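Notes to accompany the following structure.
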Amino acid sequence: MSKSTRQRSARERLAEERRRQAIRDKQRKLIVGVLSGVLVAAVVVVVAVLVVNRSSQSDQKAVAYTGPLAPISRQSDGSILMSKQDVTQPTLEIYEDFQCPMCKRFEERVGDKVKSLAAEGKVRVVYRPFQLFKAPDFQEPVPSVSRRGANAAMCAPADHWPSYAKTLFAYQPEEGKEGFADKELLNWARDLGFYTPAFESCVTGAQKAGDVDKSTQYAAAQNVTGTPTLKVNGQPLSQETVQQIFGDPSSLEQLLTKSATSTASASPSPSASKQ
């Protein structure tokens, strides 16, 4: 083989090697591009899942009541009875709306005291949630928020009432702002350990709307025009007395003790009733 032939053959082999290398480089870039695309897609999916999961969870965790409690039951009219079995009087009725700022303040200032007195057997408590804020007297979203709060509270099991009601007041939306969204109402139930599919259906389907209407009609029949309205043995407390209780929750116990004493003294003794 001549020198020129050998040189040409070497150049051809080098050219062929360069061509093959170019093909390999192109294939490698293609593979890297495909893998990069797959990786980006995977990251997008993961981020989307995280966003969806986060959107389904409330950043606001439920507020559990951990103090003493008397037995709790839900009455046929939808109200909540909190009382020891042998306590018949005095009876404290609390008319409230979960959108009412003053009701929130009452829960914060006096709520634990009320529960403690019931646990000690010093009072029979009846909670009467209803929808005070209604259209057309109030503009949306206030009526809807009020109604959703009352419906969800009535959907909650009676034994979880103290914590769920406390949570509703804790996260009460500012008047005129949206709030008590279904996902929040459901997640608070999860936080408190009583979420069930039935509870979800009750909340999302507003299954207690009829009970809310009945309790609202009952409040109107009892001449309840504002909240919170407190009644002791059926008699409404004056605004002055309610303000006093706000300022000094211990005054509620004094008032109830006085009421129990006066009621007992007013009742005729067995011997007197025979005369």
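To be explicit about the labels: the chains of the structure tokens are called A, B, and onward in the order shown, and within each one the residues are counted from 1, while ligands get numbers from 1 in the order they are shown.
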Which of region 34-212 of chain A end up as alpha helix (DSSP H) when DSSP is run on this backbone - answer as a ChimeraX atom specification?
/A:34-55,101-106,112-119,142-155,161-170,182-192,197-204,209-212
Write the residues of the selection above to a file with C-alpha atoms, as a PDB file, in the first residue's frame.
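Wrote it out as selection-v9.pdb, contents follow:
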```pdb
ATOM      1  CA  VAL A  34     -36.204  13.319  27.306  1.00  0.00           C
ATOM      2  CA  LEU A  35     -35.057  12.589  30.862  1.00  0.00           C
ATOM      3  CA  SER A  36     -35.109  16.289  31.694  1.00  0.00           C
ATOM      4  CA  GLY A  37     -38.642  16.545  30.396  1.00  0.00           C
ATOM      5  CA  VAL A  38     -39.729  13.562  32.454  1.00  0.00           C
ATOM      6  CA  LEU A  39     -38.063  15.038  35.546  1.00  0.00           C
ATOM      7  CA  VAL A  40     -39.748  18.409  35.039  1.00  0.00           C
ATOM      8  CA  ALA A  41     -43.115  16.680  34.574  1.00  0.00           C
ATOM      9  CA  ALA A  42     -42.567  14.685  37.761  1.00  0.00           C
ATOM     10  CA  VAL A  43     -41.717  17.845  39.698  1.00  0.00           C
ATOM     11  CA  VAL A  44     -44.856  19.535  38.358  1.00  0.00           C
ATOM     12  CA  VAL A  45     -46.976  16.572  39.450  1.00  0.00           C
ATOM     13  CA  VAL A  46     -45.438  16.553  42.942  1.00  0.00           C
ATOM     14  CA  VAL A  47     -45.961  20.307  43.316  1.00  0.00           C
ATOM     15  CA  ALA A  48     -49.545  19.985  42.115  1.00  0.00           C
ATOM     16  CA  VAL A  49     -50.247  17.226  44.623  1.00  0.00           C
ATOM     17  CA  LEU A  50     -48.747  19.289  47.434  1.00  0.00           C
ATOM     18  CA  VAL A  51     -50.833  22.294  46.437  1.00  0.00           C
ATOM     19  CA  VAL A  52     -54.015  20.222  46.288  1.00  0.00           C
ATOM     20  CA  ASN A  53     -53.293  18.613  49.635  1.00  0.00           C
ATOM     21  CA  ARG A  54     -52.548  21.963  51.208  1.00  0.00           C
ATOM     22  CA  SER A  55     -55.685  23.495  49.745  1.00  0.00           C
ATOM     23  CA  PRO A 101     -68.745  39.413  67.427  1.00  0.00           C
ATOM     24  CA  MET A 102     -70.199  39.851  70.915  1.00  0.00           C
ATOM     25  CA  CYS A 103     -70.980  36.132  71.090  1.00  0.00           C
ATOM     26  CA  LYS A 104     -67.344  35.454  70.274  1.00  0.00           C
ATOM     27  CA  ARG A 105     -66.310  37.792  73.057  1.00  0.00           C
ATOM     28  CA  PHE A 106     -68.734  36.052  75.443  1.00  0.00           C
ATOM     29  CA  ASP A 112     -65.175  28.337  80.181  1.00  0.00           C
ATOM     30  CA  LYS A 113     -66.838  29.644  83.350  1.00  0.00           C
ATOM     31  CA  VAL A 114     -70.258  28.533  82.107  1.00  0.00           C
ATOM     32  CA  LYS A 115     -68.984  25.017  81.392  1.00  0.00           C
ATOM     33  CA  SER A 116     -67.225  24.842  84.742  1.00  0.00           C
ATOM     34  CA  LEU A 117     -70.389  25.833  86.634  1.00  0.00           C
ATOM     35  CA  ALA A 118     -72.372  23.178  84.760  1.00  0.00           C
ATOM     36  CA  ALA A 119     -69.705  20.575  85.601  1.00  0.00           C
ATOM     37  CA  VAL A 142     -72.980  37.782  56.491  1.00  0.00           C
ATOM     38  CA  PRO A 143     -76.255  35.776  56.280  1.00  0.00           C
ATOM     39  CA  SER A 144     -74.590  32.841  54.530  1.00  0.00           C
ATOM     40  CA  VAL A 145     -71.708  32.717  57.001  1.00  0.00           C
ATOM     41  CA  SER A 146     -74.163  32.846  59.901  1.00  0.00           C
ATOM     42  CA  ARG A 147     -76.226  30.026  58.434  1.00  0.00           C
ATOM     43  CA  ARG A 148     -73.242  27.804  57.577  1.00  0.00           C
ATOM     44  CA  GLY A 149     -71.910  28.158  61.112  1.00  0.00           C
ATOM     45  CA  ALA A 150     -75.241  27.218  62.701  1.00  0.00           C
ATOM     46  CA  ASN A 151     -75.750  24.292  60.322  1.00  0.00           C
ATOM     47  CA  ALA A 152     -72.263  22.875  60.956  1.00  0.00           C
ATOM     48  CA  ALA A 153     -72.681  23.216  64.730  1.00  0.00           C
ATOM     49  CA  MET A 154     -75.920  21.276  64.559  1.00  0.00           C
ATOM     50  CA  CYS A 155     -74.247  18.615  62.411  1.00  0.00           C
ATOM     51  CA  TRP A 161     -70.112  20.684  70.874  1.00  0.00           C
ATOM     52  CA  PRO A 162     -67.841  22.523  73.357  1.00  0.00           C
ATOM     53  CA  SER A 163     -64.735  22.196  71.178  1.00  0.00           C
ATOM     54  CA  TYR A 164     -66.453  22.715  67.836  1.00  0.00           C
ATOM     55  CA  ALA A 165     -68.381  25.774  69.013  1.00  0.00           C
ATOM     56  CA  LYS A 166     -65.189  27.144  70.563  1.00  0.00           C
ATOM     57  CA  THR A 167     -63.433  26.673  67.217  1.00  0.00           C
ATOM     58  CA  LEU A 168     -66.204  28.390  65.247  1.00  0.00           C
ATOM     59  CA  PHE A 169     -65.944  31.428  67.477  1.00  0.00           C
ATOM     60  CA  ALA A 170     -62.131  31.362  67.419  1.00  0.00           C
ATOM     61  CA  ASP A 182     -66.829  23.698  53.786  1.00  0.00           C
ATOM     62  CA  LYS A 183     -63.165  22.631  53.784  1.00  0.00           C
ATOM     63  CA  GLU A 184     -62.584  24.553  57.023  1.00  0.00           C
ATOM     64  CA  LEU A 185     -65.648  23.144  58.724  1.00  0.00           C
ATOM     65  CA  LEU A 186     -64.646  19.607  57.717  1.00  0.00           C
ATOM     66  CA  ASN A 187     -60.986  19.942  58.640  1.00  0.00           C
ATOM     67  CA  TRP A 188     -61.876  21.219  62.103  1.00  0.00           C
ATOM     68  CA  ALA A 189     -63.932  18.054  62.556  1.00  0.00           C
ATOM     69  CA  ARG A 190     -60.873  16.042  61.502  1.00  0.00           C
ATOM     70  CA  ASP A 191     -58.717  17.938  63.992  1.00  0.00           C
ATOM     71  CA  LEU A 192     -61.187  17.131  66.772  1.00  0.00           C
ATOM     72  CA  PRO A 197     -68.688  10.938  55.648  1.00  0.00           C
ATOM     73  CA  ALA A 198     -72.097  11.501  57.226  1.00  0.00           C
ATOM     74  CA  PHE A 199     -70.857  14.702  58.874  1.00  0.00           C
ATOM     75  CA  GLU A 200     -69.428  15.875  55.533  1.00  0.00           C
ATOM     76  CA  SER A 201     -72.763  15.270  53.820  1.00  0.00           C
ATOM     77  CA  CYS A 202     -74.538  17.131  56.609  1.00  0.00           C
ATOM     78  CA  VAL A 203     -72.249  20.142  56.209  1.00  0.00           C
ATOM     79  CA  THR A 204     -71.971  20.300  52.420  1.00  0.00           C
ATOM     80  CA  ALA A 209     -81.087  23.930  57.496  1.00  0.00           C
ATOM     81  CA  GLY A 210     -84.565  23.011  58.732  1.00  0.00           C
ATOM     82  CA  ASP A 211     -83.367  22.870  62.337  1.00  0.00           C
ATOM     83  CA  VAL A 212     -81.626  26.226  61.897  1.00  0.00           C
TER      84      VAL A 212
END
```
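Every residue of region 103-274 of chain A found in strand (DSSP E or B) when DSSP is run on the backbone appears here: Arg124, Val125, Val126, Tyr127, Arg128, Pro129, Thr229, Leu230, Lys231, Val232, Gln235 and Pro236 of chain A.
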In Å, how far is it from CA of Glu140 (chain A) to CA of Gly176 (chain A)?
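Taking CA of Glu140 (chain A) as the start and CA of Gly176 (chain A) as the end point, the length is 7.0 Å.
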Distance of CA of Gln85 (chain A) from CA of Ile72 (chain A), expressed in Å to one decimal place:
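So the two atoms, CA of Ile72 (chain A) and CA of Gln85 (chain A), lie 10.0 Å apart.
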Contacts of region 247-261 of chain A at 8 Å or less, counting only C-alpha atoms, minus same-chain residues fewer than 4 places along, as a PyMOL selection string?
chain A and resi 89-90+109-110+113+117+122-123+232+243+265
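Excluding Leu132 (chain A) and any residue on its chain fewer than 5 positions from it, the residues at most 8 Å away by only C-alpha atoms are A:Asp97, A:Ser146, A:Thr216, A:Thr225, A:Gly226, A:Thr227.
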Nearest to Leu81 (chain A), chosen from A:Lys208, A:Arg128, A:Lys61, A:Lys214, with only C-alpha atoms counted in the distances:
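The shortest atom-to-atom distance to Leu81 (chain A) comes from A:Arg128.
Distance-wise, CA of Ile94 (chain A) and CA of Leu230 (chain A) end up 4.9 Å apart.
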